[in-house]
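K.L.:
Contents of coords.cif (mmCIF, N, CA, C and O atoms) are below:
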```cif
data_model
loop_
_atom_site.label_atom_id
_atom_site.label_comp_id
_atom_site.auth_asym_id
_atom_site.auth_seq_id
_atom_site.Cartn_x
_atom_site.Cartn_y
_atom_site.Cartn_z
N MET O 1 -6.52 -5.95 -6.47
CA MET O 1 -5.22 -5.54 -5.97
C MET O 1 -4.78 -6.52 -4.88
O MET O 1 -5.60 -7.16 -4.25
N GLY O 2 -3.47 -6.64 -4.61
CA GLY O 2 -2.94 -7.64 -3.70
C GLY O 2 -3.38 -7.47 -2.26
O GLY O 2 -3.45 -6.37 -1.76
N ARG O 3 -3.68 -8.56 -1.61
CA ARG O 3 -4.13 -8.54 -0.21
C ARG O 3 -3.50 -9.69 0.56
O ARG O 3 -3.02 -10.66 -0.02
N PRO O 4 -3.50 -9.65 1.92
CA PRO O 4 -2.93 -10.72 2.72
C PRO O 4 -3.61 -12.05 2.45
O PRO O 4 -4.75 -12.11 2.01
N LYS O 5 -2.87 -13.13 2.74
CA LYS O 5 -3.41 -14.47 2.55
C LYS O 5 -4.50 -14.76 3.57
O LYS O 5 -4.38 -14.42 4.73
N GLU O 6 -5.55 -15.41 3.12
CA GLU O 6 -6.59 -15.85 4.03
C GLU O 6 -6.41 -17.33 4.30
O GLU O 6 -6.02 -18.09 3.43
N THR O 7 -6.69 -17.73 5.53
CA THR O 7 -6.63 -19.14 5.89
C THR O 7 -7.92 -19.81 5.43
O THR O 7 -8.82 -19.17 4.93
N GLN O 8 -8.00 -21.12 5.62
CA GLN O 8 -9.18 -21.87 5.17
C GLN O 8 -10.46 -21.38 5.83
O GLN O 8 -11.52 -21.42 5.23
N ASN O 9 -10.38 -20.90 7.07
CA ASN O 9 -11.59 -20.43 7.74
C ASN O 9 -11.89 -18.97 7.45
O ASN O 9 -12.80 -18.39 8.03
N GLY O 10 -11.12 -18.36 6.53
CA GLY O 10 -11.40 -17.00 6.11
C GLY O 10 -10.67 -15.92 6.89
O GLY O 10 -10.77 -14.75 6.57
N SER O 11 -9.92 -16.30 7.94
CA SER O 11 -9.19 -15.29 8.69
C SER O 11 -7.86 -14.98 7.99
O SER O 11 -7.35 -15.79 7.23
N VAL O 12 -7.32 -13.81 8.25
CA VAL O 12 -6.07 -13.39 7.63
C VAL O 12 -4.92 -13.83 8.51
O VAL O 12 -4.99 -13.72 9.73
N SER O 13 -3.84 -14.35 7.91
CA SER O 13 -2.70 -14.83 8.71
C SER O 13 -1.52 -13.87 8.55
O SER O 13 -1.23 -13.39 7.46
N PHE O 14 -0.87 -13.58 9.68
CA PHE O 14 0.31 -12.75 9.72
C PHE O 14 1.40 -13.50 10.46
O PHE O 14 1.11 -14.30 11.35
N LYS O 15 2.66 -13.22 10.14
CA LYS O 15 3.79 -13.84 10.80
C LYS O 15 4.41 -12.83 11.77
O LYS O 15 4.78 -11.73 11.37
N GLU O 16 4.50 -13.21 13.03
CA GLU O 16 5.09 -12.32 14.03
C GLU O 16 6.51 -11.95 13.65
O GLU O 16 7.29 -12.79 13.21
N GLY O 17 6.84 -10.67 13.76
CA GLY O 17 8.17 -10.17 13.44
C GLY O 17 8.36 -9.85 11.97
O GLY O 17 9.40 -9.32 11.59
N ALA O 18 7.36 -10.12 11.15
CA ALA O 18 7.47 -9.85 9.71
C ALA O 18 7.03 -8.43 9.39
O ALA O 18 6.26 -7.81 10.13
N CYS O 19 7.50 -7.93 8.28
CA CYS O 19 7.23 -6.58 7.81
C CYS O 19 5.95 -6.57 6.97
O CYS O 19 5.77 -7.43 6.09
N TYR O 20 5.08 -5.60 7.25
CA TYR O 20 3.85 -5.42 6.47
C TYR O 20 3.69 -3.93 6.18
O TYR O 20 4.24 -3.08 6.88
N PHE O 21 2.93 -3.64 5.15
CA PHE O 21 2.73 -2.28 4.71
C PHE O 21 1.27 -1.91 4.82
O PHE O 21 0.41 -2.61 4.28
N LEU O 22 0.99 -0.83 5.52
CA LEU O 22 -0.36 -0.31 5.63
C LEU O 22 -0.57 0.62 4.44
O LEU O 22 0.16 1.60 4.28
N VAL O 23 -1.53 0.29 3.61
CA VAL O 23 -1.75 1.05 2.38
C VAL O 23 -3.08 1.77 2.45
O VAL O 23 -4.13 1.17 2.68
N GLY O 24 -3.01 3.06 2.26
CA GLY O 24 -4.18 3.91 2.09
C GLY O 24 -3.97 4.67 0.79
O GLY O 24 -2.99 4.44 0.08
N TYR O 25 -4.86 5.57 0.48
CA TYR O 25 -4.74 6.31 -0.77
C TYR O 25 -5.02 7.78 -0.55
O TYR O 25 -5.88 8.16 0.23
N TYR O 26 -4.28 8.60 -1.28
CA TYR O 26 -4.48 10.04 -1.25
C TYR O 26 -5.63 10.47 -2.14
O TYR O 26 -6.15 11.58 -1.99
N ASP O 27 -6.02 9.60 -3.07
CA ASP O 27 -7.03 9.97 -4.06
C ASP O 27 -8.15 8.94 -4.12
O ASP O 27 -7.97 7.79 -3.72
N ASP O 28 -9.31 9.34 -4.61
CA ASP O 28 -10.45 8.44 -4.73
C ASP O 28 -10.25 7.38 -5.80
O ASP O 28 -10.83 6.30 -5.72
N GLY O 29 -9.42 7.65 -6.79
CA GLY O 29 -9.18 6.69 -7.87
C GLY O 29 -8.19 5.60 -7.49
O GLY O 29 -7.91 4.72 -8.29
N MET O 30 -7.64 5.66 -6.27
CA MET O 30 -6.70 4.67 -5.75
C MET O 30 -5.48 4.52 -6.67
O MET O 30 -5.01 3.42 -6.94
N LYS O 31 -4.95 5.65 -7.12
CA LYS O 31 -3.75 5.66 -7.97
C LYS O 31 -2.54 6.23 -7.24
O LYS O 31 -1.42 6.09 -7.70
N LEU O 32 -2.77 6.91 -6.10
CA LEU O 32 -1.70 7.53 -5.33
C LEU O 32 -1.65 6.92 -3.93
O LEU O 32 -2.26 7.42 -3.00
N PRO O 33 -0.90 5.82 -3.78
CA PRO O 33 -0.89 5.13 -2.49
C PRO O 33 -0.08 5.87 -1.42
O PRO O 33 0.94 6.47 -1.71
N ALA O 34 -0.58 5.81 -0.21
CA ALA O 34 0.13 6.27 0.98
C ALA O 34 0.55 4.99 1.71
O ALA O 34 -0.30 4.19 2.10
N ILE O 35 1.85 4.79 1.87
CA ILE O 35 2.36 3.51 2.37
C ILE O 35 3.15 3.74 3.65
O ILE O 35 4.08 4.56 3.69
N GLU O 36 2.79 3.00 4.71
CA GLU O 36 3.52 3.04 5.98
C GLU O 36 4.02 1.62 6.28
O GLU O 36 3.32 0.65 6.01
N THR O 37 5.20 1.52 6.89
CA THR O 37 5.81 0.23 7.18
C THR O 37 5.65 -0.12 8.65
O THR O 37 5.94 0.71 9.53
N PHE O 38 5.20 -1.36 8.91
CA PHE O 38 4.99 -1.85 10.27
C PHE O 38 5.55 -3.25 10.43
O PHE O 38 5.68 -3.99 9.45
N ILE O 39 5.83 -3.61 11.67
CA ILE O 39 6.23 -4.97 12.03
C ILE O 39 5.07 -5.57 12.83
O ILE O 39 4.57 -4.96 13.78
N TYR O 40 4.66 -6.79 12.44
CA TYR O 40 3.55 -7.44 13.15
C TYR O 40 4.04 -8.00 14.47
O TYR O 40 5.02 -8.74 14.53
N LEU O 41 3.36 -7.64 15.56
CA LEU O 41 3.74 -8.07 16.91
C LEU O 41 2.94 -9.28 17.40
O LEU O 41 3.45 -10.11 18.13
N GLY O 42 1.68 -9.36 17.04
CA GLY O 42 0.84 -10.46 17.51
C GLY O 42 -0.60 -10.02 17.70
O GLY O 42 -0.97 -8.89 17.41
N LYS O 43 -1.38 -10.94 18.20
CA LYS O 43 -2.82 -10.74 18.35
C LYS O 43 -3.21 -10.80 19.83
O LYS O 43 -2.70 -11.64 20.58
N ASN O 44 -4.10 -9.90 20.24
CA ASN O 44 -4.64 -9.87 21.61
C ASN O 44 -3.55 -9.85 22.68
O ASN O 44 -3.62 -10.59 23.66
N LEU O 45 -2.58 -8.97 22.50
CA LEU O 45 -1.42 -8.93 23.40
C LEU O 45 -1.74 -8.37 24.79
O LEU O 45 -0.96 -8.55 25.72
N LEU O 46 -2.87 -7.71 24.91
CA LEU O 46 -3.28 -7.21 26.23
C LEU O 46 -4.45 -8.03 26.79
O LEU O 46 -5.19 -7.56 27.65
N GLY O 47 -4.60 -9.24 26.28
CA GLY O 47 -5.63 -10.14 26.80
C GLY O 47 -7.04 -9.80 26.39
O GLY O 47 -7.98 -10.07 27.14
N GLU O 48 -7.21 -9.24 25.21
CA GLU O 48 -8.55 -8.88 24.74
C GLU O 48 -9.45 -10.10 24.66
O GLU O 48 -9.00 -11.21 24.37
N ALA O 49 -10.73 -9.89 24.90
CA ALA O 49 -11.72 -10.96 24.79
C ALA O 49 -11.88 -11.34 23.32
O ALA O 49 -11.58 -10.56 22.41
N GLU O 50 -12.36 -12.55 23.07
CA GLU O 50 -12.50 -13.05 21.71
C GLU O 50 -13.37 -12.14 20.84
O GLU O 50 -13.09 -11.97 19.66
N ASN O 51 -14.38 -11.54 21.41
CA ASN O 51 -15.25 -10.65 20.63
C ASN O 51 -14.67 -9.24 20.46
O ASN O 51 -15.28 -8.39 19.82
N GLU O 52 -13.50 -8.99 21.05
CA GLU O 52 -12.82 -7.69 20.94
C GLU O 52 -11.40 -7.85 20.43
O GLU O 52 -10.51 -7.10 20.79
N GLU O 53 -11.17 -8.83 19.56
CA GLU O 53 -9.83 -9.15 19.09
C GLU O 53 -9.15 -7.94 18.45
O GLU O 53 -9.77 -7.16 17.75
N ARG O 54 -7.84 -7.84 18.71
CA ARG O 54 -7.01 -6.78 18.16
C ARG O 54 -5.71 -7.38 17.65
O ARG O 54 -5.13 -8.26 18.26
N TRP O 55 -5.23 -6.83 16.52
CA TRP O 55 -3.94 -7.21 15.96
C TRP O 55 -3.01 -6.03 16.19
O TRP O 55 -3.39 -4.87 15.99
N TYR O 56 -1.77 -6.30 16.59
CA TYR O 56 -0.81 -5.27 16.99
C TYR O 56 0.34 -5.17 15.99
O TYR O 56 0.94 -6.19 15.63
N PHE O 57 0.66 -3.94 15.60
CA PHE O 57 1.75 -3.65 14.67
C PHE O 57 2.59 -2.53 15.25
O PHE O 57 2.06 -1.56 15.78
N GLN O 58 3.91 -2.64 15.12
CA GLN O 58 4.83 -1.61 15.60
C GLN O 58 5.39 -0.85 14.41
O GLN O 58 5.75 -1.44 13.39
N GLN O 59 5.49 0.46 14.53
CA GLN O 59 6.09 1.27 13.47
C GLN O 59 7.51 0.80 13.21
O GLN O 59 8.27 0.51 14.14
N ALA O 60 7.89 0.73 11.95
CA ALA O 60 9.21 0.21 11.56
C ALA O 60 10.34 1.04 12.16
O ALA O 60 11.34 0.50 12.62
N GLU O 61 10.19 2.35 12.17
CA GLU O 61 11.24 3.22 12.72
C GLU O 61 11.48 2.91 14.20
O GLU O 61 12.61 2.81 14.66
N SER O 62 10.42 2.71 14.95
CA SER O 62 10.53 2.34 16.36
C SER O 62 11.19 0.98 16.52
O SER O 62 12.02 0.78 17.40
N PHE O 63 10.83 0.06 15.64
CA PHE O 63 11.41 -1.29 15.68
C PHE O 63 12.92 -1.24 15.47
O PHE O 63 13.68 -1.91 16.16
N VAL O 64 13.37 -0.43 14.52
CA VAL O 64 14.80 -0.30 14.24
C VAL O 64 15.52 0.35 15.42
O VAL O 64 16.60 -0.09 15.82
N ARG O 65 14.93 1.38 16.01
CA ARG O 65 15.55 2.10 17.13
C ARG O 65 15.53 1.31 18.43
O ARG O 65 16.50 1.30 19.17
N ASN O 66 14.39 0.68 18.73
CA ASN O 66 14.17 0.11 20.06
C ASN O 66 14.05 -1.41 20.09
O ASN O 66 13.91 -1.97 21.17
N GLY O 67 14.03 -2.05 18.93
CA GLY O 67 13.74 -3.47 18.89
C GLY O 67 12.24 -3.69 19.10
O GLY O 67 11.46 -2.74 19.15
N ARG O 68 11.87 -4.93 19.24
CA ARG O 68 10.45 -5.26 19.43
C ARG O 68 10.00 -4.78 20.80
O ARG O 68 10.60 -5.12 21.81
N VAL O 69 8.96 -3.97 20.81
CA VAL O 69 8.38 -3.53 22.07
C VAL O 69 7.00 -4.15 22.21
O VAL O 69 6.32 -4.40 21.22
N LEU O 70 6.63 -4.41 23.43
CA LEU O 70 5.30 -4.97 23.67
C LEU O 70 4.39 -3.89 24.23
O LEU O 70 4.83 -3.05 25.02
N PRO O 71 3.15 -3.89 23.80
CA PRO O 71 2.23 -2.88 24.33
C PRO O 71 2.02 -3.11 25.82
O PRO O 71 2.07 -4.23 26.31
N SER O 72 1.81 -2.02 26.52
CA SER O 72 1.61 -2.09 27.95
C SER O 72 0.74 -0.93 28.38
O SER O 72 0.81 0.15 27.79
N LYS O 73 -0.03 -1.14 29.39
CA LYS O 73 -0.84 -0.05 29.93
C LYS O 73 0.04 0.96 30.66
O LYS O 73 -0.39 2.06 30.95
N ALA O 74 1.32 0.61 30.89
CA ALA O 74 2.24 1.48 31.62
C ALA O 74 3.10 2.34 30.68
O ALA O 74 3.92 3.10 31.16
N ARG O 75 2.94 2.22 29.36
CA ARG O 75 3.72 3.03 28.42
C ARG O 75 2.79 3.74 27.45
O ARG O 75 1.63 3.38 27.34
N LYS O 76 3.30 4.72 26.72
CA LYS O 76 2.47 5.51 25.80
C LYS O 76 1.92 4.69 24.63
O LYS O 76 0.82 4.93 24.18
N ASN O 77 2.70 3.79 24.09
CA ASN O 77 2.30 2.94 22.96
C ASN O 77 2.00 3.74 21.70
O ASN O 77 1.29 3.26 20.82
N ASP O 78 2.56 4.95 21.58
CA ASP O 78 2.29 5.75 20.38
C ASP O 78 3.01 5.22 19.15
O ASP O 78 2.78 5.71 18.04
N ASP O 79 3.88 4.23 19.32
CA ASP O 79 4.56 3.60 18.20
C ASP O 79 3.90 2.27 17.82
O ASP O 79 4.42 1.53 16.99
N ILE O 80 2.78 1.97 18.42
CA ILE O 80 2.06 0.72 18.17
C ILE O 80 0.68 1.04 17.62
O ILE O 80 -0.03 1.90 18.14
N LEU O 81 0.32 0.33 16.58
CA LEU O 81 -1.00 0.46 15.97
C LEU O 81 -1.78 -0.81 16.23
O LEU O 81 -1.25 -1.91 16.05
N THR O 82 -2.99 -0.68 16.70
CA THR O 82 -3.87 -1.84 16.84
C THR O 82 -4.99 -1.72 15.82
O THR O 82 -5.39 -0.61 15.45
N THR O 83 -5.46 -2.86 15.36
CA THR O 83 -6.53 -2.83 14.38
C THR O 83 -7.50 -3.97 14.61
O THR O 83 -7.15 -4.99 15.22
N LEU O 84 -8.70 -3.78 14.14
CA LEU O 84 -9.74 -4.80 14.19
C LEU O 84 -9.66 -5.65 12.92
O LEU O 84 -9.05 -5.25 11.93
N SER O 85 -10.32 -6.79 12.93
CA SER O 85 -10.25 -7.72 11.80
C SER O 85 -10.70 -7.10 10.49
O SER O 85 -10.15 -7.41 9.44
N GLU O 86 -11.67 -6.20 10.54
CA GLU O 86 -12.18 -5.64 9.29
C GLU O 86 -11.17 -4.74 8.57
O GLU O 86 -11.35 -4.38 7.41
N HIS O 87 -10.07 -4.37 9.24
CA HIS O 87 -9.05 -3.52 8.61
C HIS O 87 -7.77 -4.28 8.26
O HIS O 87 -6.83 -3.68 7.74
N LEU O 88 -7.73 -5.58 8.51
CA LEU O 88 -6.52 -6.34 8.25
C LEU O 88 -6.14 -6.38 6.78
O LEU O 88 -4.96 -6.48 6.44
N ASN O 89 -7.12 -6.31 5.90
CA ASN O 89 -6.81 -6.35 4.47
C ASN O 89 -6.09 -5.11 3.98
O ASN O 89 -5.63 -5.07 2.83
N ASP O 90 -5.97 -4.09 4.83
CA ASP O 90 -5.21 -2.89 4.47
C ASP O 90 -3.71 -3.10 4.64
O ASP O 90 -2.92 -2.28 4.20
N PHE O 91 -3.32 -4.20 5.28
CA PHE O 91 -1.91 -4.52 5.49
C PHE O 91 -1.45 -5.53 4.44
O PHE O 91 -2.06 -6.59 4.28
N LEU O 92 -0.36 -5.20 3.74
CA LEU O 92 0.14 -6.05 2.67
C LEU O 92 1.54 -6.56 3.00
O LEU O 92 2.34 -5.86 3.62
N SER O 93 1.84 -7.77 2.55
CA SER O 93 3.19 -8.31 2.64
C SER O 93 4.04 -7.61 1.57
O SER O 93 3.51 -6.96 0.67
N PRO O 94 5.37 -7.76 1.63
CA PRO O 94 6.21 -7.15 0.59
C PRO O 94 5.83 -7.61 -0.83
O PRO O 94 5.76 -6.80 -1.75
N ALA O 95 5.55 -8.89 -1.01
CA ALA O 95 5.18 -9.40 -2.33
C ALA O 95 3.84 -8.81 -2.78
O ALA O 95 3.67 -8.44 -3.95
N GLN O 96 2.91 -8.70 -1.85
CA GLN O 96 1.60 -8.13 -2.19
C GLN O 96 1.73 -6.65 -2.55
O GLN O 96 1.07 -6.16 -3.47
N LEU O 97 2.60 -5.93 -1.82
CA LEU O 97 2.82 -4.52 -2.14
C LEU O 97 3.44 -4.38 -3.52
O LEU O 97 3.04 -3.51 -4.31
N ALA O 98 4.42 -5.24 -3.84
CA ALA O 98 5.03 -5.19 -5.17
C ALA O 98 3.99 -5.41 -6.26
O ALA O 98 3.98 -4.70 -7.27
N ASN O 99 3.10 -6.37 -6.04
CA ASN O 99 2.03 -6.63 -7.02
C ASN O 99 1.10 -5.42 -7.15
O ASN O 99 0.69 -5.06 -8.25
N LEU O 100 0.75 -4.83 -6.03
CA LEU O 100 -0.13 -3.66 -6.04
C LEU O 100 0.52 -2.51 -6.83
O LEU O 100 -0.12 -1.90 -7.68
N LEU O 101 1.79 -2.24 -6.56
CA LEU O 101 2.48 -1.16 -7.25
C LEU O 101 2.61 -1.46 -8.74
O LEU O 101 2.47 -0.56 -9.58
N LYS O 102 2.84 -2.72 -9.09
CA LYS O 102 2.90 -3.10 -10.50
C LYS O 102 1.56 -2.85 -11.18
O LYS O 102 1.51 -2.34 -12.30
N GLU O 103 0.47 -3.19 -10.50
CA GLU O 103 -0.86 -2.94 -11.06
C GLU O 103 -1.08 -1.44 -11.29
O GLU O 103 -1.62 -1.05 -12.33
N ILE O 104 -0.66 -0.61 -10.34
CA ILE O 104 -0.81 0.83 -10.49
C ILE O 104 0.00 1.33 -11.68
O ILE O 104 -0.47 2.13 -12.49
N VAL O 105 1.24 0.85 -11.79
CA VAL O 105 2.10 1.25 -12.92
C VAL O 105 1.49 0.79 -14.23
O VAL O 105 1.41 1.56 -15.20
N ASP O 106 1.04 -0.46 -14.29
CA ASP O 106 0.45 -0.99 -15.52
C ASP O 106 -0.79 -0.21 -15.94
O ASP O 106 -0.99 0.09 -17.11
N GLU O 107 -1.62 0.16 -14.96
CA GLU O 107 -2.86 0.90 -15.26
C GLU O 107 -2.58 2.34 -15.68
O GLU O 107 -3.28 2.90 -16.50
N SER O 108 -1.51 2.93 -15.11
CA SER O 108 -1.23 4.33 -15.41
C SER O 108 -0.31 4.51 -16.62
O SER O 108 -0.23 5.59 -17.17
N GLY O 109 0.39 3.44 -16.96
CA GLY O 109 1.36 3.54 -18.05
C GLY O 109 2.62 4.27 -17.63
O GLY O 109 3.43 4.64 -18.46
N ALA O 110 2.81 4.45 -16.32
CA ALA O 110 3.96 5.22 -15.82
C ALA O 110 5.30 4.53 -16.08
O ALA O 110 6.32 5.18 -16.09
N GLY O 111 5.29 3.24 -16.30
CA GLY O 111 6.53 2.51 -16.54
C GLY O 111 7.01 2.61 -17.97
O GLY O 111 8.09 2.14 -18.30
N ARG O 112 6.23 3.23 -18.84
CA ARG O 112 6.61 3.34 -20.25
C ARG O 112 7.54 4.51 -20.47
O ARG O 112 7.42 5.55 -19.83
N ARG O 113 8.43 4.37 -21.43
CA ARG O 113 9.35 5.48 -21.77
C ARG O 113 8.97 6.07 -23.09
O ARG O 113 8.50 5.53 -23.96
#
```
What's the structure tokens form of this structure?
P.N.:
Amino acid sequence: MGRPKETQNGSVSFKEGACYFLVGYYDDGMKLPAIETFIYLGKNLLGEAENEERWYFQQAESFVRNGRVLPSKARKNDDILTTLSEHLNDFLSPAQLANLLKEIVDESGAGRR
């Protein structure tokens, strides 16, 4: 299934300000995706140490209402999601999401009339 692009050194690359989709599943067979939309804000925005790297994503609804917000220890940050490197493959670009959904349709036959 579609996943983010990896760079030559194996790390995943994201573009700041771009839209990504966090994909989980409601079922064990991975046929019923749960999709949330986020905007990528950047990496280590609160000065995390190299061994504690974090990637920051803002909920799309918050982005539309408030514009790009930066995480801060002085705000709630409940509209910001941080993740570790091992979870980055759960975020898909629009093209990757389209491919994933096509695979699900092709496997289920749901696109047939």
K.L.:
Name the residues that the PyMOL selection byres (((chain O and resi 92 and name CA) around 10) and name CA) picks from the file above, as a list in words, using the file's chain letters and numbers.
P.N.:
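So the PyMOL selection byres (((chain O and resi 92 and name CA) around 10) and name CA) ends up selecting Gly2, Arg3, Pro4, Lys5, Phe14, Cys19, Tyr20, Phe21, Leu22, Val23, Ile35, Thr37, Phe38, Leu88, Asn89, Asp90, Phe91, Ser93, Pro94, Ala95, Gln96, Leu97, Ala98, Asn99 and Leu100 of chain O.
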K.L.:
Starting from the PyMOL selection byres ((chain O and resi 77-85) around 4.5), expand the selection into actual residues of this file and give them as a count of residues only.
P.N.:
12
K.L.:
Could you spell out the hits of the PyMOL selection byres (((chain O and resi 17 and name CA) around 8) and name CA) on the shown file, as a PyMOL selection string?
P.N.:
chain O and resi 15-16+18-19+39-41
K.L.:
Per DSSP on the backbone, what are the helix (DSSP H, G or I) residues of chain O, as a compact mmCIF listing (two decimals) with N, CA, C and O atoms, keeping the file's coordinate frame?
P.N.:
```
# COMPACT_ATOMS: atom_id res chain seq x y z
N GLU O 50 -12.36 -12.55 23.07
CA GLU O 50 -12.50 -13.05 21.71
C GLU O 50 -13.37 -12.14 20.84
O GLU O 50 -13.09 -11.97 19.66
N ASN O 51 -14.38 -11.54 21.41
CA ASN O 51 -15.25 -10.65 20.63
C ASN O 51 -14.67 -9.24 20.46
O ASN O 51 -15.28 -8.39 19.82
N GLU O 52 -13.50 -8.99 21.05
CA GLU O 52 -12.82 -7.69 20.94
C GLU O 52 -11.40 -7.85 20.43
O GLU O 52 -10.51 -7.10 20.79
N ALA O 60 7.89 0.73 11.95
CA ALA O 60 9.21 0.21 11.56
C ALA O 60 10.34 1.04 12.16
O ALA O 60 11.34 0.50 12.62
N GLU O 61 10.19 2.35 12.17
CA GLU O 61 11.24 3.22 12.72
C GLU O 61 11.48 2.91 14.20
O GLU O 61 12.61 2.81 14.66
N SER O 62 10.42 2.71 14.95
CA SER O 62 10.53 2.34 16.36
C SER O 62 11.19 0.98 16.52
O SER O 62 12.02 0.78 17.40
N PHE O 63 10.83 0.06 15.64
CA PHE O 63 11.41 -1.29 15.68
C PHE O 63 12.92 -1.24 15.47
O PHE O 63 13.68 -1.91 16.16
N VAL O 64 13.37 -0.43 14.52
CA VAL O 64 14.80 -0.30 14.24
C VAL O 64 15.52 0.35 15.42
O VAL O 64 16.60 -0.09 15.82
N ARG O 65 14.93 1.38 16.01
CA ARG O 65 15.55 2.10 17.13
C ARG O 65 15.53 1.31 18.43
O ARG O 65 16.50 1.30 19.17
N ASN O 66 14.39 0.68 18.73
CA ASN O 66 14.17 0.11 20.06
C ASN O 66 14.05 -1.41 20.09
O ASN O 66 13.91 -1.97 21.17
N SER O 85 -10.32 -6.79 12.93
CA SER O 85 -10.25 -7.72 11.80
C SER O 85 -10.70 -7.10 10.49
O SER O 85 -10.15 -7.41 9.44
N GLU O 86 -11.67 -6.20 10.54
CA GLU O 86 -12.18 -5.64 9.29
C GLU O 86 -11.17 -4.74 8.57
O GLU O 86 -11.35 -4.38 7.41
N HIS O 87 -10.07 -4.37 9.24
CA HIS O 87 -9.05 -3.52 8.61
C HIS O 87 -7.77 -4.28 8.26
O HIS O 87 -6.83 -3.68 7.74
N LEU O 88 -7.73 -5.58 8.51
CA LEU O 88 -6.52 -6.34 8.25
C LEU O 88 -6.14 -6.38 6.78
O LEU O 88 -4.96 -6.48 6.44
N ASN O 89 -7.12 -6.31 5.90
CA ASN O 89 -6.81 -6.35 4.47
C ASN O 89 -6.09 -5.11 3.98
O ASN O 89 -5.63 -5.07 2.83
N ASP O 90 -5.97 -4.09 4.83
CA ASP O 90 -5.21 -2.89 4.47
C ASP O 90 -3.71 -3.10 4.64
O ASP O 90 -2.92 -2.28 4.20
N PRO O 94 5.37 -7.76 1.63
CA PRO O 94 6.21 -7.15 0.59
C PRO O 94 5.83 -7.61 -0.83
O PRO O 94 5.76 -6.80 -1.75
N ALA O 95 5.55 -8.89 -1.01
CA ALA O 95 5.18 -9.40 -2.33
C ALA O 95 3.84 -8.81 -2.78
O ALA O 95 3.67 -8.44 -3.95
N GLN O 96 2.91 -8.70 -1.85
CA GLN O 96 1.60 -8.13 -2.19
C GLN O 96 1.73 -6.65 -2.55
O GLN O 96 1.07 -6.16 -3.47
N LEU O 97 2.60 -5.93 -1.82
CA LEU O 97 2.82 -4.52 -2.14
C LEU O 97 3.44 -4.38 -3.52
O LEU O 97 3.04 -3.51 -4.31
N ALA O 98 4.42 -5.24 -3.84
CA ALA O 98 5.03 -5.19 -5.17
C ALA O 98 3.99 -5.41 -6.26
O ALA O 98 3.98 -4.70 -7.27
N ASN O 99 3.10 -6.37 -6.04
CA ASN O 99 2.03 -6.63 -7.02
C ASN O 99 1.10 -5.42 -7.15
O ASN O 99 0.69 -5.06 -8.25
N LEU O 100 0.75 -4.83 -6.03
CA LEU O 100 -0.13 -3.66 -6.04
C LEU O 100 0.52 -2.51 -6.83
O LEU O 100 -0.12 -1.90 -7.68
N LEU O 101 1.79 -2.24 -6.56
CA LEU O 101 2.48 -1.16 -7.25
C LEU O 101 2.61 -1.46 -8.74
O LEU O 101 2.47 -0.56 -9.58
N LYS O 102 2.84 -2.72 -9.09
CA LYS O 102 2.90 -3.10 -10.50
C LYS O 102 1.56 -2.85 -11.18
O LYS O 102 1.51 -2.34 -12.30
N GLU O 103 0.47 -3.19 -10.50
CA GLU O 103 -0.86 -2.94 -11.06
C GLU O 103 -1.08 -1.44 -11.29
O GLU O 103 -1.62 -1.05 -12.33
N ILE O 104 -0.66 -0.61 -10.34
CA ILE O 104 -0.81 0.83 -10.49
C ILE O 104 0.00 1.33 -11.68
O ILE O 104 -0.47 2.13 -12.49
N VAL O 105 1.24 0.85 -11.79
CA VAL O 105 2.10 1.25 -12.92
C VAL O 105 1.49 0.79 -14.23
O VAL O 105 1.41 1.56 -15.20
N ASP O 106 1.04 -0.46 -14.29
CA ASP O 106 0.45 -0.99 -15.52
C ASP O 106 -0.79 -0.21 -15.94
O ASP O 106 -0.99 0.09 -17.11
N GLU O 107 -1.62 0.16 -14.96
CA GLU O 107 -2.86 0.90 -15.26
C GLU O 107 -2.58 2.34 -15.68
O GLU O 107 -3.28 2.90 -16.50
N SER O 108 -1.51 2.93 -15.11
CA SER O 108 -1.23 4.33 -15.41
C SER O 108 -0.31 4.51 -16.62
O SER O 108 -0.23 5.59 -17.17
```
K.L.:
Expressed in Å to a single decimal, how great is the separation between atom O of Ile104 of chain O and atom N of Leu32 of chain O?
P.N.:
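Interatomic distance here is 8.3 Å.
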K.L.:
Between O:Lys31, O:Ala60, O:Tyr26, O:Ser72, which is the closest to Leu101 of chain O once you count only N, CA, C and O atoms?
P.N.:
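Using only N, CA, C and O atoms, the shortest distance to Leu101 of chain O belongs to O:Lys31.
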K.L.:
Give me, please, the distance in Å between atom C of Asn66 of chain O and atom CA of Pro33 of chain O, quoted to one decimal.
P.N.:
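Straight-line distance from atom C of Asn66 of chain O to atom CA of Pro33 of chain O works out to 27.9 Å.
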K.L.:
Could you jot down the atom O of Ala49 of chain O to atom O of Phe63 of chain O separation for me, Å, one decimal place?
P.N.:
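Separation between atom O of Ala49 of chain O and atom O of Phe63 of chain O: 27.4 Å.
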K.L.:
Name the residues of segment 29-113 of chain O that come out as strand (DSSP E) in a backbone DSSP run; write them as a ChimeraX atom specification.
P.N.:
/O:33-43,55-59,80-83,91-92
K.L.:
Of the residues O:Glu103, O:Ser108, O:Tyr25, O:Gly42, which is the one nearest to Pro71 of chain O, using only C-alpha atoms?
P.N.:
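Nearest candidate to Pro71 of chain O out of O:Glu103, O:Ser108, O:Tyr25, O:Gly42: O:Gly42.
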